[in-house]
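Asks: Got protein_36.txt for you, compact mmCIF, C-alpha atoms:
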# COMPACT_ATOMS: atom_id res chain seq x y z
CA MET Z 704 51.53 102.10 146.00
CA LEU Z 705 49.70 102.87 142.73
CA ILE Z 706 52.73 104.75 141.42
CA GLU Z 707 54.96 101.77 142.31
CA ARG Z 708 52.59 99.39 140.52
CA SER Z 709 52.56 101.67 137.49
CA VAL Z 710 56.36 101.67 137.35
CA GLN Z 711 56.42 97.88 137.54
CA LEU Z 712 53.96 97.57 134.68
CA SER Z 713 55.89 100.00 132.54
CA TRP Z 714 59.05 97.98 133.04
CA CYS Z 715 57.24 94.74 132.19
CA GLY Z 716 56.49 96.23 128.80
CA MET Z 717 59.97 97.69 128.28
CA GLU Z 718 62.18 96.08 125.68
CA ARG Z 719 64.90 93.99 127.36
CA TYR Z 720 67.73 95.74 125.56
CA GLU Z 721 66.67 99.08 126.98
CA ALA Z 722 67.29 97.94 130.57
CA SER Z 723 70.50 96.25 129.49
CA ARG Z 724 71.69 99.43 127.76
CA MET Z 725 71.07 101.51 130.88
CA ILE Z 726 72.94 99.01 133.06
CA ILE Z 727 75.92 98.91 130.68
CA GLU Z 728 76.08 102.73 130.54
CA ARG Z 729 76.03 102.91 134.34
CA LEU Z 730 78.75 100.24 134.74
CA GLU Z 731 80.97 102.07 132.28
CA LYS Z 732 81.26 104.71 134.99
CA GLY Z 733 82.41 102.15 137.56
CA PRO Z 734 81.49 98.89 139.39
CA ALA Z 735 78.14 98.68 141.24
CA THR Z 736 76.01 96.22 143.17
CA PRO Z 737 72.58 95.12 141.87
CA LYS Z 738 70.95 97.22 144.61
CA GLN Z 739 72.86 100.30 143.49
CA LEU Z 740 71.86 99.72 139.88
CA SER Z 741 68.22 99.28 140.82
CA ASP Z 742 68.15 102.43 142.99
CA GLU Z 743 70.15 104.67 140.67
CA LEU Z 744 68.45 103.64 137.42
CA ASN Z 745 64.97 103.14 138.86
CA ILE Z 746 64.87 99.64 137.35
CA PRO Z 747 63.09 96.79 139.21
CA TYR Z 748 65.56 94.72 141.20
CA ASN Z 749 64.49 91.44 139.50
CA THR Z 750 65.20 92.98 136.09
CA VAL Z 751 68.67 94.01 137.25
CA ILE Z 752 69.37 90.51 138.63
CA HIS Z 753 68.30 88.90 135.37
CA ASN Z 754 70.65 91.14 133.42
CA VAL Z 755 73.73 90.91 135.63
CA SER Z 756 73.47 87.19 136.43
CA LYS Z 757 72.23 85.76 133.12
CA PHE Z 758 71.82 88.00 130.09
CA LEU Z 759 74.91 90.23 130.12
CA PRO Z 760 77.36 87.53 131.35
CA CYS Z 761 76.21 85.30 128.49
CA LEU Z 762 77.19 88.08 126.11
CA GLY Z 763 80.60 88.28 127.76
CA ILE Z 764 80.08 91.95 128.63
CA ILE Z 765 80.24 92.03 132.44
CA MET Z 766 81.76 90.05 135.27
CA LYS Z 767 81.29 89.80 139.02
CA LEU Z 768 83.98 91.14 141.34
CA PRO Z 769 85.00 89.56 144.68
CA ASN Z 770 83.11 92.35 146.55
CA ASP Z 771 79.75 91.37 144.92
CA LYS Z 772 79.88 94.33 142.56
CA TYR Z 773 79.61 94.01 138.79
CA ALA Z 774 81.82 95.71 136.24
CA ILE Z 775 82.34 95.97 132.50
CA LYS Z 776 85.01 93.47 131.54
CA TRP Z 777 87.03 95.74 129.34
CA LEU Z 778 86.94 98.58 131.86
CA LEU Z 779 87.94 96.59 134.94
CA PRO Z 780 90.80 98.10 136.89
CA GLU Z 781 93.96 96.06 136.36
CA GLU Z 782 94.16 94.75 139.93
CA PHE Z 783 90.46 93.82 140.11
CA GLN Z 784 90.67 92.10 136.73
CA THR Z 785 93.74 90.04 137.67
CA LYS Z 786 92.49 89.02 141.11
CA ASN Z 787 89.00 88.16 139.89
CA ALA Z 788 90.30 86.01 137.05
CA TYR Z 789 92.83 84.33 139.37
CA HIS Z 790 90.27 83.39 142.04
CA LEU Z 791 87.77 82.19 139.43
CA LEU Z 792 90.30 79.89 137.76
CA GLN Z 793 91.81 78.76 141.05
CA LYS Z 794 88.38 77.54 142.13
CA LYS Z 795 87.64 75.95 138.78
CA LEU Z 796 91.01 74.21 138.35
CA VAL Z 797 91.44 73.31 142.05
CA ARG Z 798 94.92 74.87 141.90
CA PRO Z 799 96.59 78.18 141.01
CA PRO Z 800 96.28 78.93 137.27
CA THR Z 801 99.27 79.31 134.99
CA PRO Z 802 99.90 82.67 133.26
CA GLU Z 803 98.87 81.02 129.97
CA GLU Z 804 95.55 79.90 131.46
CA ILE Z 805 94.70 83.31 132.88
CA SER Z 806 95.76 85.31 129.84
CA GLY Z 807 92.58 84.48 127.92
CA LEU Z 808 90.39 85.88 130.69
CA ILE Z 809 92.22 89.14 131.20
CA LYS Z 810 93.01 89.66 127.50
CA ARG Z 811 96.78 89.93 128.03
CA ASP Z 812 99.64 87.92 126.57
CA PRO Z 813 101.19 85.23 128.86
CA GLY Z 814 104.25 87.32 129.68
CA GLU Z 815 102.20 90.29 130.82
CA SER Z 816 99.80 87.97 132.65
CA ARG Z 817 102.71 86.46 134.56
CA ASN Z 818 103.87 89.92 135.66
CA LEU Z 819 100.36 90.85 136.81
CA LEU Z 820 100.01 87.60 138.81
CA PHE Z 821 103.26 88.20 140.66
CA LYS Z 822 102.29 91.83 141.19
CA TYR Z 823 98.77 91.38 142.55
CA ILE Z 824 98.58 87.81 143.95
CA PRO Z 825 100.54 87.45 147.23
CA ASN Z 826 102.99 84.51 147.24
CA TYR Z 827 101.94 83.43 143.75
CA ARG Z 828 103.89 80.49 142.32
CA GLU Z 829 103.41 78.97 138.92
CA PRO Z 830 102.12 75.39 139.29
CA ASN Z 831 104.58 72.71 138.16
CA GLN Z 832 103.59 69.64 136.18
CA ASP Z 833 103.26 67.45 139.29
CA LEU Z 834 100.75 69.87 140.83
CA ILE Z 835 98.85 70.20 137.55
CA THR Z 836 98.57 66.40 137.28
CA SER Z 837 97.56 65.82 140.92
CA SER Z 838 95.01 68.64 140.72
CA ALA Z 839 93.57 67.14 137.55
CA ARG Z 840 93.04 63.85 139.43
CA THR Z 841 91.27 65.73 142.24
CA LEU Z 842 89.17 67.62 139.71
CA PHE Z 843 88.28 64.37 137.96
CA LYS Z 844 87.08 62.89 141.24
CA ILE Z 845 85.03 65.99 142.09
CA ILE Z 846 83.18 66.32 138.80
CA VAL Z 847 82.35 62.60 138.65
CA ALA Z 848 81.19 62.55 142.30
CA GLY Z 849 78.98 65.58 141.68
CA LYS Z 850 77.13 63.83 138.89
CA LEU Z 851 77.25 60.21 140.07
CA ASP Z 852 74.19 59.74 142.26
CA LEU Z 853 74.64 56.25 143.70
CA GLN Z 854 72.25 54.34 145.93
CA SER Z 855 73.26 51.92 148.68
CA LYS Z 856 74.00 48.25 147.99
CA LYS Z 857 70.86 47.41 149.94
CA TYR Z 858 68.83 49.43 147.40
CA TRP Z 859 70.39 47.65 144.42
CA PHE Z 860 70.05 44.26 146.13
CA LYS Z 861 66.30 44.79 146.43
CA LYS Z 862 66.20 45.79 142.75
CA GLY Z 863 67.99 42.59 141.76
CA ILE Z 864 71.08 44.41 140.45
CA GLU Z 865 74.27 42.38 140.99
CA LYS Z 866 76.90 44.62 139.42
CA LEU Z 867 77.43 48.27 138.53
CA THR Z 868 80.17 48.89 135.96
CA PHE Z 869 81.64 52.34 135.29
CA SER Z 870 83.26 53.09 131.94
CA GLY Z 871 85.71 55.99 132.22
CA LEU Z 872 86.28 55.71 135.97
CA ASP Z 873 89.14 53.80 137.64
CA GLN Z 874 88.61 51.62 140.72
CA GLN Z 875 90.78 53.69 143.05
CA THR Z 876 88.87 56.91 142.31
CA LEU Z 877 85.54 55.11 142.66
CA ASN Z 878 86.58 53.73 146.05
CA GLU Z 879 87.63 57.22 147.19
CA ILE Z 880 84.27 58.64 146.10
CA LEU Z 881 82.38 55.93 148.01
CA LYS Z 882 84.43 56.37 151.20
CA ASP Z 883 84.47 60.19 151.38
CA GLY Z 884 81.21 61.23 153.03
CA LYS Z 885 81.89 64.95 152.59
CA LEU Z 886 82.85 64.81 148.93
CA GLN Z 887 79.30 64.67 147.54
CA ALA Z 888 78.28 68.05 148.97
CA GLU Z 889 81.56 69.65 147.85
CA ALA Z 890 81.20 68.20 144.35
CA THR Z 891 77.57 69.27 144.01
CA GLY Z 892 78.53 72.82 144.97
CA TYR Z 893 81.40 72.79 142.47
CA LEU Z 894 79.16 71.78 139.55
CA LYS Z 895 76.61 74.38 140.56
CA ASP Z 896 79.34 77.02 140.16
CA PHE Z 897 80.77 75.45 137.00
CA PRO Z 898 78.00 73.58 135.17
CA ASP Z 899 80.15 73.44 132.01
CA MET Z 900 82.37 70.91 133.83
CA ALA Z 901 79.59 68.38 134.47
CA PRO Z 902 79.95 65.03 132.68
CA ASP Z 903 77.10 63.38 130.84
CA ILE Z 904 76.35 59.95 132.32
CA GLN Z 905 74.37 57.41 130.33
CA ILE Z 906 73.13 54.27 132.14
CA GLU Z 907 72.69 51.03 130.22
CA ALA Z 908 70.88 48.04 131.76
CA ILE Z 909 71.93 44.53 130.71
CA GLY Z 910 70.36 41.72 132.72
CA HIS Z 911 71.35 42.13 136.36
CA GLN Z 912 74.03 44.69 135.49
CA LEU Z 913 74.02 48.47 135.07
CA ILE Z 914 76.73 50.09 132.94
CA TYR Z 915 77.51 53.75 133.56
CA HIS Z 916 79.08 55.44 130.53
CA ILE Z 917 80.84 58.62 131.73
CA ASN Z 918 81.33 61.20 128.98
CA HIS Z 919 83.13 64.42 129.90
CA SER Z 920 82.25 67.85 128.58
CA SER Z 921 84.63 69.54 126.15
CA GLU Z 922 85.61 72.02 128.87
CA ALA Z 923 86.45 69.25 131.35
CA GLY Z 924 88.15 67.25 128.64
CA LYS Z 925 90.70 70.01 128.09
CA MET Z 926 91.64 69.97 131.77
CA LEU Z 927 91.74 66.17 132.06
CA LYS Z 928 93.44 65.41 128.74
CA ASN Z 929 96.64 64.09 130.36
CA LEU Z 930 94.90 61.54 132.59
CA SER Z 931 94.00 58.95 129.91
CA ILE Z 932 90.58 58.35 131.47
CA LYS Z 933 88.75 56.89 128.46
CA ASP Z 934 90.11 53.37 128.95
CA ARG Z 935 89.46 53.26 132.69
CA ALA Z 936 86.86 50.95 134.19
CA SER Z 937 85.64 50.02 137.67
CA GLU Z 938 82.80 48.18 139.30
CA ILE Z 939 80.66 47.74 142.38
CA CYS Z 940 79.59 44.17 143.09
CA VAL Z 941 76.30 43.73 144.92
CA PRO Z 942 75.46 40.51 146.77
CA SER Z 943 72.96 38.40 144.89
CA GLN Z 944 69.79 36.84 146.21
CA LEU Z 945 70.41 33.39 147.66
CA ASP Z 946 69.71 30.58 145.21
CA ARG Z 947 67.69 28.64 147.74
CA GLU Z 948 67.15 25.56 145.60
CA ARG Z 949 70.89 25.20 144.99
CA TYR Z 950 71.69 25.83 148.65
CA GLN Z 951 69.17 23.23 149.85
CA ARG Z 952 70.61 20.66 147.44
CA TYR Z 953 74.09 20.92 148.98
CA ARG Z 954 72.76 21.38 152.52
CA SER Z 955 71.18 17.92 152.28
CA LEU Z 956 74.58 16.44 151.42
CA VAL Z 957 76.49 17.81 154.42
CA ALA Z 958 75.90 14.78 156.64
CA ASP Z 959 77.09 12.19 154.06
CA ASN Z 960 79.51 14.13 151.88
CA ARG Z 961 80.67 16.95 154.10
CA ALA Z 962 83.78 18.18 152.26
CA TYR Z 963 82.10 18.35 148.84
CA ALA Z 964 78.86 19.90 150.14
CA LEU Z 965 80.61 22.56 152.23
CA GLY Z 966 82.90 23.37 149.31
CA LYS Z 967 79.85 24.10 147.16
CA ILE Z 968 78.19 26.12 149.93
CA GLU Z 969 81.39 28.14 150.28
CA GLU Z 970 81.12 28.93 146.54
CA ILE Z 971 77.54 30.13 147.05
CA ALA Z 972 78.66 32.28 150.00
CA ARG Z 973 81.17 34.23 147.90
CA ASN Z 974 78.47 36.24 146.12
CA SER Z 975 75.19 35.61 147.93
CA ALA Z 976 73.52 37.34 150.85
CA PRO Z 977 72.57 35.01 153.71
CA THR Z 978 69.16 34.42 155.19
CA PRO Z 979 68.75 33.84 158.96
CA ASP Z 980 68.29 30.08 158.55
CA VAL Z 981 71.53 29.81 156.55
CA LEU Z 982 73.47 31.47 159.35
CA GLU Z 983 71.84 29.11 161.85
CA ASP Z 984 72.88 26.12 159.71
CA LEU Z 985 76.51 27.24 159.67
CA LEU Z 986 76.58 27.76 163.44
CA ASP Z 987 75.09 24.29 163.96
CA TRP Z 988 77.71 22.71 161.68
CA LEU Z 989 80.47 24.30 163.75
CA LYS Z 990 79.41 21.94 166.55
CA MET Z 991 80.21 18.90 164.41
CA PRO Z 992 83.56 17.13 164.97
CA GLY Z 993 86.26 17.64 162.38
CA PRO Z 994 87.90 20.64 160.65
CA LYS Z 995 86.02 23.91 160.79
CA ASP Z 996 87.95 25.96 158.25
CA ASP Z 997 85.49 25.47 155.36
CA ILE Z 998 82.49 26.36 157.56
CA LEU Z 999 84.19 29.50 158.87
CA ILE Z 1000 85.20 30.64 155.38
CA ALA Z 1001 81.60 30.30 154.21
CA LEU Z 1002 80.37 32.07 157.34
CA LYS Z 1003 82.79 34.96 156.82
CA ASN Z 1004 81.75 35.43 153.18
CA PHE Z 1005 78.06 35.31 154.05
CA CYS Z 1006 78.62 37.84 156.86
CA GLN Z 1007 80.53 40.17 154.53
CA ASN Z 1008 77.70 40.13 152.00
CA GLY Z 1009 75.02 40.46 154.65
CA LEU Z 1010 76.71 43.46 156.22
CA GLU Z 1011 76.98 45.16 152.82
CA ILE Z 1012 73.20 45.18 152.49
CA ASN Z 1013 72.57 45.71 156.22
CA SER Z 1014 70.70 42.43 156.66
CA ILE Z 1015 72.45 41.02 159.77
CA ASN Z 1016 70.94 42.42 162.96
CA GLU Z 1017 72.64 42.66 166.35
CA ALA Z 1018 70.94 39.50 167.66
CA SER Z 1019 72.43 37.49 164.80
CA ARG Z 1020 75.84 39.06 165.39
CA ALA Z 1021 75.67 38.13 169.07
CA ASN Z 1022 74.83 34.51 168.17
CA ILE Z 1023 77.77 34.37 165.76
CA ARG Z 1024 80.21 35.82 168.30
CA SER Z 1025 79.04 33.39 170.95
CA ALA Z 1026 79.50 30.43 168.61
CA ILE Z 1027 83.04 31.29 167.45
CA GLN Z 1028 84.71 33.01 170.40
CA ASP Z 1029 86.00 29.71 171.77
CA ILE Z 1030 87.60 28.98 168.41
CA ALA Z 1031 89.19 32.44 168.26
CA PHE Z 1032 90.34 32.73 171.86
CA GLY Z 1033 90.35 29.21 173.29
CA LEU Z 1034 93.47 28.31 175.27
CA ASP Z 1035 94.35 25.13 173.40
CA GLY Z 1036 98.11 25.41 172.97
CA GLU Z 1037 97.99 23.40 169.76
CA TYR Z 1038 96.42 26.38 168.03
CA GLU Z 1039 99.55 28.48 168.63
CA ASP Z 1040 101.59 26.41 166.18
CA PRO Z 1041 100.88 27.32 162.53
CA SER Z 1042 101.64 23.74 161.52
CA LYS Z 1043 98.92 22.30 163.77
CA GLU Z 1044 95.33 21.63 162.76
CA GLY Z 1045 93.02 24.39 163.93
CA TYR Z 1046 95.49 27.25 163.59
CA MET Z 1047 93.78 28.71 160.50
CA ALA Z 1048 90.35 28.16 162.05
CA ARG Z 1049 91.41 30.50 164.85
CA GLU Z 1050 92.43 33.10 162.23
CA TYR Z 1051 89.12 32.79 160.37
CA ALA Z 1052 87.08 33.02 163.57
CA PHE Z 1053 88.85 36.18 164.70
CA SER Z 1054 88.44 37.71 161.23
CA ILE Z 1055 84.69 37.22 161.53
CA ILE Z 1056 84.65 38.89 164.95
CA GLU Z 1057 86.61 41.82 163.53
CA LEU Z 1058 84.14 42.01 160.65
CA ILE Z 1059 80.85 41.94 162.57
CA GLY Z 1060 82.12 44.04 165.49
CA SER Z 1061 82.03 43.27 169.17
CA ASP Z 1062 79.81 45.16 171.58
CA ASP Z 1063 79.79 42.11 173.84
CA LYS Z 1064 82.27 42.74 176.68
CA SER Z 1065 82.58 39.03 177.36
CA VAL Z 1066 84.28 38.62 173.98
CA ALA Z 1067 86.88 41.27 174.85
CA VAL Z 1068 87.46 39.66 178.27
CA MET Z 1069 88.05 36.27 176.69
CA ALA Z 1070 90.41 37.81 174.11
CA LYS Z 1071 92.30 39.62 176.86
CA TYR Z 1072 92.88 36.46 178.88
CA PHE Z 1073 93.97 34.67 175.75
CA VAL Z 1074 96.68 37.33 175.31
CA PHE Z 1075 97.77 36.99 178.94
CA SER Z 1076 98.00 33.22 178.62
CA VAL Z 1077 100.11 33.32 175.45
CA LEU Z 1078 102.49 35.91 176.92
CA GLU Z 1079 102.94 33.79 180.04
CA LYS Z 1080 103.86 30.75 177.94
CA GLY Z 1081 106.42 32.72 175.96
CA TYR Z 1082 105.40 34.15 172.61
CA THR Z 1083 107.71 33.20 169.71
CA THR Z 1084 106.24 33.26 166.18
CA GLY Z 1085 103.28 34.43 164.12
CA ASN Z 1086 101.23 37.62 163.99
CA TYR Z 1087 98.00 36.38 165.55
CA LEU Z 1088 98.80 37.68 169.04
CA PHE Z 1089 99.70 41.10 167.64
CA ARG Z 1090 96.44 41.26 165.67
CA ILE Z 1091 94.39 40.59 168.79
CA GLY Z 1092 96.48 43.00 170.84
CA LYS Z 1093 95.97 45.87 168.39
CA TRP Z 1094 92.25 45.07 168.17
CA LEU Z 1095 91.90 45.16 171.98
CA ALA Z 1096 94.14 48.24 172.34
CA ARG Z 1097 91.52 50.42 170.61
CA ASP Z 1098 90.01 50.62 174.10
CA ALA Z 1099 92.38 52.78 176.17
CA GLU Z 1100 91.53 51.02 179.44
CA ILE Z 1101 92.18 47.55 178.03
CA ARG Z 1102 95.38 48.75 176.37
CA LYS Z 1103 96.67 49.87 179.78
CA GLU Z 1104 95.83 46.46 181.24
CA LEU Z 1105 97.70 44.71 178.44
CA LEU Z 1106 100.78 46.89 178.85
CA ASP Z 1107 100.78 46.52 182.64
CA ARG Z 1108 100.56 42.72 182.45
CA ALA Z 1109 103.25 42.47 179.76
CA GLU Z 1110 105.56 44.75 181.74
CA MET Z 1111 104.99 42.77 184.92
CA LEU Z 1112 105.87 39.51 183.16
CA LEU Z 1113 108.91 41.15 181.60
CA LEU Z 1114 110.21 42.23 185.01
CA GLU Z 1115 109.23 39.20 187.08
CA MET Z 1116 109.81 36.21 184.80
CA HIS Z 1117 113.46 35.20 184.37
CA ASP Z 1118 112.95 33.64 180.98
CA ASN Z 1119 114.37 35.17 177.81
CA LYS Z 1120 111.61 33.68 175.67
CA ILE Z 1121 108.91 35.31 177.80
CA ALA Z 1122 110.84 38.58 178.09
CA ASN Z 1123 111.37 38.86 174.33
CA GLY Z 1124 107.73 38.04 173.63
CA CYS Z 1125 106.47 40.68 176.10
CA ASN Z 1126 108.87 43.28 174.77
CA CYS Z 1127 107.75 42.74 171.16
CA PHE Z 1128 104.09 42.75 172.20
CA MET Z 1129 104.35 46.08 174.06
CA LYS Z 1130 105.99 47.68 171.03
CA SER Z 1131 103.26 46.38 168.74
CA ILE Z 1132 100.36 48.02 170.57
Would you write the structure of this file as structure tokens?

Replies:
Amino acid sequence: MLIERSVQLSWCGMERYEASRMIIERLEKGPATPKQLSDELNIPYNTVIHNVSKFLPCLGIIMKLPNDKYAIKWLLPEEFQTKNAYHLLQKKLVRPPTPEEISGLIKRDPGESRNLLFKYIPNYREPNQDLITSSARTLFKIIVAGKLDLQSKKYWFKKGIEKLTFSGLDQQTLNEILKDGKLQAEATGYLKDFPDMAPDIQIEAIGHQLIYHINHSSEAGKMLKNLSIKDRASEICVPSQLDRERYQRYRSLVADNRAYALGKIEEIARNSAPTPDVLEDLLDWLKMPGPKDDILIALKNFCQNGLEINSINEASRANIRSAIQDIAFGLDGEYEDPSKEGYMAREYAFSIIELIGSDDKSVAVMAKYFVFSVLEKGYTTGNYLFRIGKWLARDAEIRKELLDRAEMLLLEMHDNKIANGCNCFMKSI
């Protein structure tokens, strides 16, 4: 134990280059693992790790092989050198490298590099321009996702932030980043392996807006140069806090000047998150005589914003479904004609049910009997029936019921209108 401690102390005082020199001399004889180097050279394992993972690679002297051994770059066997460079670049570029790209790593001209790739990489094919471009888009998404640490809309809502703008990032890529739950972990791992690819992101705050300026590293810029990303821009809109004073002003006008007041409330609903009392107001107004389109549009927008910040609980959703299911699935034949008043109200009501979800089986039962009733009358025009059918058919048991009833009507009813409607409906679900 004392001898071991003495050896450790002696190495602590050793000049760093001395350990590095010994490691280089050993690797000139052939590749070795850190454990082999430590045992053979009697150098502490931590000293070996520091040299092979940080110091010597920074000098460009050694490289790691696929079998976890290290070797001198200029003495690597041809096959090891080619395969190692290929796999490194394949991972970094998210595609097979071209001979020109690999030639710098293996210190060969492109022609010789091409021959080595075909010789040592099974089924190697040079990437064409389409693959290079598509891979660059994937790479762009990965490196931005790995650095872009975004909070939920609920978080920003509480902070009073109403918009996040991204300079250097297009809307489609941003949407893909937000939707792909697995991408963040993959991207973080990628940037850990290739930190030189990480962009620098500067955040600027202006009022209720945050602006993310995405600046790519020189290394990433070379690989993304054909994408024209500098002029791209995208945004995330966050629902704003309800302007209660403004809402109350128009709420007080609903009884006497309904159309104007509800038009203004619908404007408020486009960007604002609802409070429970606002939702209650809208459900109460649905009981009033007259058109319901404007109320339902406002309700839908408020629901959309509320769901984005997770502020509408299941009890509120149940109240909303209960209040609008008659509008969506009532059996008033007038609603089946797009030219009749109430047709669009039915569309809006069903859109809200689709939006907030339906765990209430009574809603599905009512929707199912609505479908049966329309099929029995003879379905002719419009897509509303198909929308409901596809929505219900997500449940395998209900889908079977719908198909059985449509088939029965098709076989038993001697009416071309009914037969054609049933036939089209069965094909649609």

Asks: What does the distance from CA of Arg973 in chain Z to CA of Tyr1046 in chain Z come to in Å, to one decimal?

Replies: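 These two atoms are separated by 22.4 Å.
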
Asks: Around the point (74.4, 45.1, 170.8) (coordinates from the file), which residues reach within 10 Å if we count only C-alpha atoms? Answer as number ranges by chain.

Replies: Z: 1016-1021, 1060-1063

Asks: Could you pull the residues within 12 Å of Lys925 in chain Z, counting all atoms listed in the file, minus those fewer than 6 positions along the same chain, as a ChimeraX atom specification?

Replies: /Z:796,804,839,842-843,899-900,919,931

Asks: Taking 5 positions as the minimum chain separation for residues in the same chain, which residues sit within 12 Å of range 854-860 of chain Z when counting only C-alpha atoms? Answer as a PyMOL selection string.

Replies: chain Z and resi 865-867+881+911-913+939-945+974-976+1008-1015

Asks: Calculated over all atoms listed in the file, which of the candidates Z:Met766, Z:Leu872, Z:Ala901, Z:Ala1122 has the smallest distance to Leu791 in chain Z?

Replies: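 The closest residue to Leu791 in chain Z is Z:Met766.
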
Asks: What does the distance between CA of Val981 in chain Z and CA of Phe1032 in chain Z come to in Å, to one decimal place?

Replies: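 Atom-to-atom, CA of Val981 in chain Z and CA of Phe1032 in chain Z are spaced 24.4 Å apart.
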
Asks: I'd like to know which of Z:Ile998, Z:Met1111, Z:Lys767, Z:Lys844 is closest to Asp984 in chain Z, using only C-alpha atoms.

Replies: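 Closest to Asp984 in chain Z, using only C-alpha atoms: Z:Ile998.
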
Asks: Near Leu982 in chain Z, within 9 Å and counting all atoms listed in the file, which residues show up once chain neighbours fewer than 6 positions away are dropped, as a PDB file with C-alpha atoms, in the coordinates of the input?

Replies:
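Output (selection_36.pdb):
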ATOM      1  CA  LEU Z1002      80.370  32.070 157.340  1.00  0.00           C
ATOM      2  CA  PHE Z1005      78.060  35.310 154.050  1.00  0.00           C
ATOM      3  CA  CYS Z1006      78.620  37.840 156.860  1.00  0.00           C
ATOM      4  CA  SER Z1019      72.430  37.490 164.800  1.00  0.00           C
ATOM      5  CA  ILE Z1023      77.770  34.370 165.760  1.00  0.00           C
TER       6      ILE Z1023
END

Asks: Separation of CA of Tyr950 in chain Z and CA of Lys967 in chain Z, in Å?

Replies: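 These two atoms are separated by 8.5 Å.
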
Asks: Between Z:Ala788, Z:Ala1070, Z:Ile917, Z:Ala1096, which has the minimum distance to Ile932 in chain Z (counting all atoms listed in the file)?

Replies: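 The shortest atom-to-atom distance to Ile932 in chain Z comes from Z:Ile917.
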
Asks: Using all atoms listed in the file, pick whichever of Z:Glu1079, Z:Glu1110, Z:Glu938, Z:Glu922 has the shortest atom-to-atom distance to Leu877 in chain Z.

Replies: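 Ranking Z:Glu1079, Z:Glu1110, Z:Glu938, Z:Glu922 by distance to Leu877 in chain Z, first place goes to Z:Glu938.
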
Asks: May I have the residues within 12 Å of Phe758 in chain Z as an mmCIF file with C-alpha atoms, in the frame of the given file, using only C-alpha atoms and disregarding those fewer than 4 positions away in the same chain?

Replies:
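The resulting file, out34.cif, is reproduced below:
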data_model
loop_
_atom_site.group_PDB
_atom_site.id
_atom_site.type_symbol
_atom_site.label_atom_id
_atom_site.label_comp_id
_atom_site.auth_asym_id
_atom_site.auth_seq_id
_atom_site.Cartn_x
_atom_site.Cartn_y
_atom_site.Cartn_z
ATOM 1 C CA ARG Z 719 64.900 93.990 127.360
ATOM 2 C CA TYR Z 720 67.730 95.740 125.560
ATOM 3 C CA ALA Z 722 67.290 97.940 130.570
ATOM 4 C CA SER Z 723 70.500 96.250 129.490
ATOM 5 C CA ARG Z 724 71.690 99.430 127.760
ATOM 6 C CA ILE Z 726 72.940 99.010 133.060
ATOM 7 C CA ILE Z 727 75.920 98.910 130.680
ATOM 8 C CA THR Z 750 65.200 92.980 136.090
ATOM 9 C CA VAL Z 751 68.670 94.010 137.250
ATOM 10 C CA ILE Z 752 69.370 90.510 138.630
ATOM 11 C CA HIS Z 753 68.300 88.900 135.370
ATOM 12 C CA ASN Z 754 70.650 91.140 133.420
ATOM 13 C CA LEU Z 762 77.190 88.080 126.110
ATOM 14 C CA GLY Z 763 80.600 88.280 127.760
ATOM 15 C CA ILE Z 764 80.080 91.950 128.630
ATOM 16 C CA ILE Z 765 80.240 92.030 132.440
ATOM 17 C CA MET Z 766 81.760 90.050 135.270
#

Asks: Considering all atoms listed in the file, state which residue in the set Z:Lys990, Z:Leu792, Z:Gly910, Z:Ile1000 is at the smallest distance from Ser1054 in chain Z.

Replies: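 Answer, going by the shortest atom-to-atom distance: Z:Ile1000.
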
Asks: Counting all atoms listed in the file, which residue out of Z:Val847, Z:Val957, Z:Ala936, Z:Leu927 sits closest to Gln874 in chain Z?

Replies: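 Ranked by minimum distance to Gln874 in chain Z, first place goes to Z:Ala936.
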